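> Below you will find the structure I want to go over with you.
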Amino acid sequence: MRSRRALFFAVSAGTLLLVCPPAAAAPRTYTVVIDKMKFGPVPAQLRKGDAIIWVNRDFLRHTATATDHSFDADLPANAKVKTVLKKSGAIPFICRYHPGMRGVLRVR
Ligand SMILES: [Cu+2]
């Protein structure tokens, strides 16, 4: 009886270990540089929870604004602003001051 109960607990503990999902990858921080009125390349391996530091190297003010409003970084000249990706999917972004400045983040 006692050994059967011990076996039950051992099997339960083993099952518990098996059903626990692997630890999620730690969030990463990436940088996207704005230079000469253009957004630089965006990271290819973005995941929900990752952060982007938007860096404005221009002398003009820019923004990095998600068209779904999930982030909006206001970037005066030479500013850096960090945003966190709160959702997955394709997230188009623009500069609110310069309609030609745009890009898309693809977040898993
Ligand atoms: Cu701009």
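Identifiers for the structure tokens are assigned positionally: chains receive A, B, ... in sequence, residues are indexed from 1 per chain, and ligands are indexed from 1 in the order shown.
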Can you list, as a PDB file with N, CA and C atoms, in the first residue's frame, every protein, DNA or RNA residue that comes within 8 Å of A:Arg102 when you count only C-alpha atoms, leaving out same-chain residues fewer than 6 positions away?

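For reference, result21.pdb as written:
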```
ATOM      1  N   LYS A  38      15.219  58.100 -42.833  1.00  0.00           N
ATOM      2  CA  LYS A  38      14.829  56.703 -43.081  1.00  0.00           C
ATOM      3  C   LYS A  38      14.974  55.881 -41.806  1.00  0.00           C
ATOM      4  N   PHE A  39      14.044  54.915 -41.636  1.00  0.00           N
ATOM      5  CA  PHE A  39      14.230  53.921 -40.591  1.00  0.00           C
ATOM      6  C   PHE A  39      15.264  52.910 -41.088  1.00  0.00           C
ATOM      7  N   PRO A  92       2.762  47.437 -38.641  1.00  0.00           N
ATOM      8  CA  PRO A  92       3.284  48.551 -39.438  1.00  0.00           C
ATOM      9  C   PRO A  92       3.542  49.764 -38.546  1.00  0.00           C
ATOM     10  N   PHE A  93       4.589  50.509 -38.869  1.00  0.00           N
ATOM     11  CA  PHE A  93       4.863  51.739 -38.116  1.00  0.00           C
ATOM     12  C   PHE A  93       5.241  52.856 -39.075  1.00  0.00           C
ATOM     13  N   ILE A  94       5.037  54.070 -38.613  1.00  0.00           N
ATOM     14  CA  ILE A  94       5.277  55.261 -39.432  1.00  0.00           C
ATOM     15  C   ILE A  94       5.961  56.330 -38.586  1.00  0.00           C
ATOM     16  N   CYS A  95       6.419  57.374 -39.254  1.00  0.00           N
ATOM     17  CA  CYS A  95       6.748  58.619 -38.572  1.00  0.00           C
ATOM     18  C   CYS A  95       5.555  59.543 -38.804  1.00  0.00           C
TER      19      CYS A  95
END
```
> Determine, counting only C-alpha atoms, which protein, DNA and RNA residues have an atom within 7 Å of an atom of A:Thr63; residues of the same chain fewer than 5 positions away are not included. Present the result as a ChimeraX atom specification.
/A:72-75,95-96
> Using DSSP on the backbone coordinates, identify the residues of stretch 10-101 of chain A assigned to strand (DSSP E); present them as number ranges by chain.
A: 29-35, 38-39, 51-56, 62-66, 72-75, 80-84, 89-94
> Go ahead and save the picked residues with N, CA and C atoms, as an mmCIF file, in the first residue's frame.

```cif
data_model
loop_
_atom_site.group_PDB
_atom_site.id
_atom_site.type_symbol
_atom_site.label_atom_id
_atom_site.label_comp_id
_atom_site.auth_asym_id
_atom_site.auth_seq_id
_atom_site.Cartn_x
_atom_site.Cartn_y
_atom_site.Cartn_z
ATOM 1 N N THR A 29 16.620 43.136 -26.323
ATOM 2 C CA THR A 29 16.505 44.548 -26.686
ATOM 3 C C THR A 29 17.277 44.774 -27.984
ATOM 4 N N TYR A 30 16.616 45.389 -28.938
ATOM 5 C CA TYR A 30 17.212 45.664 -30.244
ATOM 6 C C TYR A 30 17.231 47.174 -30.476
ATOM 7 N N THR A 31 18.002 47.587 -31.452
ATOM 8 C CA THR A 31 18.085 49.008 -31.778
ATOM 9 C C THR A 31 17.690 49.215 -33.236
ATOM 10 N N VAL A 32 16.860 50.217 -33.482
ATOM 11 C CA VAL A 32 16.550 50.634 -34.848
ATOM 12 C C VAL A 32 16.945 52.102 -34.959
ATOM 13 N N VAL A 33 17.815 52.389 -35.919
ATOM 14 C CA VAL A 33 18.358 53.741 -36.065
ATOM 15 C C VAL A 33 17.621 54.475 -37.177
ATOM 16 N N ILE A 34 17.273 55.712 -36.891
ATOM 17 C CA ILE A 34 16.708 56.594 -37.912
ATOM 18 C C ILE A 34 17.826 57.540 -38.356
ATOM 19 N N ASP A 35 18.079 57.552 -39.645
ATOM 20 C CA ASP A 35 19.173 58.376 -40.165
ATOM 21 C C ASP A 35 18.794 58.850 -41.563
ATOM 22 N N LYS A 38 15.219 58.100 -42.833
ATOM 23 C CA LYS A 38 14.829 56.703 -43.081
ATOM 24 C C LYS A 38 14.974 55.881 -41.806
ATOM 25 N N PHE A 39 14.044 54.915 -41.636
ATOM 26 C CA PHE A 39 14.230 53.921 -40.591
ATOM 27 C C PHE A 39 15.264 52.910 -41.088
ATOM 28 N N ALA A 51 12.181 44.415 -26.623
ATOM 29 C CA ALA A 51 12.154 45.878 -26.629
ATOM 30 C C ALA A 51 12.934 46.398 -27.834
ATOM 31 N N ILE A 52 12.520 47.557 -28.300
ATOM 32 C CA ILE A 52 13.271 48.251 -29.362
ATOM 33 C C ILE A 52 13.667 49.614 -28.838
ATOM 34 N N ILE A 53 14.946 49.930 -28.994
ATOM 35 C CA ILE A 53 15.407 51.287 -28.707
ATOM 36 C C ILE A 53 15.496 52.009 -30.042
ATOM 37 N N TRP A 54 14.644 53.001 -30.206
ATOM 38 C CA TRP A 54 14.623 53.811 -31.425
ATOM 39 C C TRP A 54 15.618 54.944 -31.226
ATOM 40 N N VAL A 55 16.523 55.093 -32.159
ATOM 41 C CA VAL A 55 17.577 56.105 -32.048
ATOM 42 C C VAL A 55 17.432 57.069 -33.224
ATOM 43 N N ASN A 56 17.276 58.351 -32.916
ATOM 44 C CA ASN A 56 17.145 59.356 -33.978
ATOM 45 C C ASN A 56 18.480 60.066 -34.172
ATOM 46 N N HIS A 62 11.400 63.112 -35.205
ATOM 47 C CA HIS A 62 10.657 62.009 -35.812
ATOM 48 C C HIS A 62 9.815 61.324 -34.746
ATOM 49 N N THR A 63 8.969 60.392 -35.200
ATOM 50 C CA THR A 63 8.316 59.474 -34.274
ATOM 51 C C THR A 63 8.450 58.067 -34.852
ATOM 52 N N ALA A 64 8.323 57.089 -33.982
ATOM 53 C CA ALA A 64 8.140 55.699 -34.405
ATOM 54 C C ALA A 64 6.790 55.308 -33.820
ATOM 55 N N THR A 65 5.783 55.290 -34.683
ATOM 56 C CA THR A 65 4.397 55.152 -34.236
ATOM 57 C C THR A 65 3.756 53.937 -34.878
ATOM 58 N N ALA A 66 3.321 53.004 -34.065
ATOM 59 C CA ALA A 66 2.616 51.833 -34.598
ATOM 60 C C ALA A 66 1.245 52.281 -35.106
ATOM 61 N N ASP A 72 4.259 54.306 -29.428
ATOM 62 C CA ASP A 72 4.406 55.623 -30.054
ATOM 63 C C ASP A 72 5.597 56.311 -29.398
ATOM 64 N N ALA A 73 6.722 56.317 -30.085
ATOM 65 C CA ALA A 73 7.940 56.926 -29.544
ATOM 66 C C ALA A 73 8.119 58.300 -30.190
ATOM 67 N N ASP A 74 8.183 59.330 -29.360
ATOM 68 C CA ASP A 74 8.439 60.686 -29.850
ATOM 69 C C ASP A 74 9.947 60.907 -29.777
ATOM 70 N N LEU A 75 10.542 61.296 -30.902
ATOM 71 C CA LEU A 75 12.007 61.314 -30.991
ATOM 72 C C LEU A 75 12.533 62.664 -31.469
ATOM 73 N N LYS A 80 16.802 58.937 -27.892
ATOM 74 C CA LYS A 80 16.631 57.482 -27.878
ATOM 75 C C LYS A 80 15.401 57.193 -27.038
ATOM 76 N N VAL A 81 14.517 56.348 -27.549
ATOM 77 C CA VAL A 81 13.313 55.969 -26.795
ATOM 78 C C VAL A 81 13.125 54.464 -26.902
ATOM 79 N N LYS A 82 12.852 53.847 -25.751
ATOM 80 C CA LYS A 82 12.655 52.390 -25.712
ATOM 81 C C LYS A 82 11.157 52.074 -25.717
ATOM 82 N N THR A 83 10.760 51.140 -26.565
ATOM 83 C CA THR A 83 9.383 50.660 -26.558
ATOM 84 C C THR A 83 9.415 49.141 -26.404
ATOM 85 N N VAL A 84 8.372 48.589 -25.793
ATOM 86 C CA VAL A 84 8.266 47.141 -25.599
ATOM 87 C C VAL A 84 7.151 46.614 -26.499
ATOM 88 N N GLY A 89 2.463 39.503 -34.323
ATOM 89 C CA GLY A 89 1.860 39.786 -35.624
ATOM 90 C C GLY A 89 2.667 40.830 -36.362
ATOM 91 N N ALA A 90 2.158 41.210 -37.520
ATOM 92 C CA ALA A 90 2.799 42.261 -38.309
ATOM 93 C C ALA A 90 2.327 43.616 -37.783
ATOM 94 N N ILE A 91 3.278 44.460 -37.426
ATOM 95 C CA ILE A 91 2.936 45.768 -36.862
ATOM 96 C C ILE A 91 3.549 46.858 -37.739
ATOM 97 N N PRO A 92 2.762 47.437 -38.641
ATOM 98 C CA PRO A 92 3.284 48.551 -39.438
ATOM 99 C C PRO A 92 3.542 49.764 -38.546
ATOM 100 N N PHE A 93 4.589 50.509 -38.869
ATOM 101 C CA PHE A 93 4.863 51.739 -38.116
ATOM 102 C C PHE A 93 5.241 52.856 -39.075
ATOM 103 N N ILE A 94 5.037 54.070 -38.613
ATOM 104 C CA ILE A 94 5.277 55.261 -39.432
ATOM 105 C C ILE A 94 5.961 56.330 -38.586
#
```
> Determine the nearest neighbour of ligand 1 from the options A:Pro76, A:Gly49, A:Pro41, A:Pro27, counting only C-alpha atoms and all ligand atoms.
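Looking only at the distances to ligand 1, the closest residue turns out to be A:Pro76.
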> Rank A:His69, A:Arg108, A:Arg47, A:Lys36 by their smallest atom-to-atom distance to ligand 1, using only C-alpha atoms and all ligand atoms, and report the top residue only.
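The shortest atom-to-atom distance to ligand 1 comes from A:Lys36.
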> Just to confirm, what's the straight-line distance from atom CA of A:Arg61 to atom CA of A:Ala79 in Å (one decimal)?
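Those two atoms sit 8.8 Å apart.
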> Can you tell me how far atom CA of A:Thr67 sits from atom CA of A:Val42, in Å to one decimal?
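Spanning atom CA of A:Thr67 to atom CA of A:Val42 is a straight-line distance of 16.1 Å.
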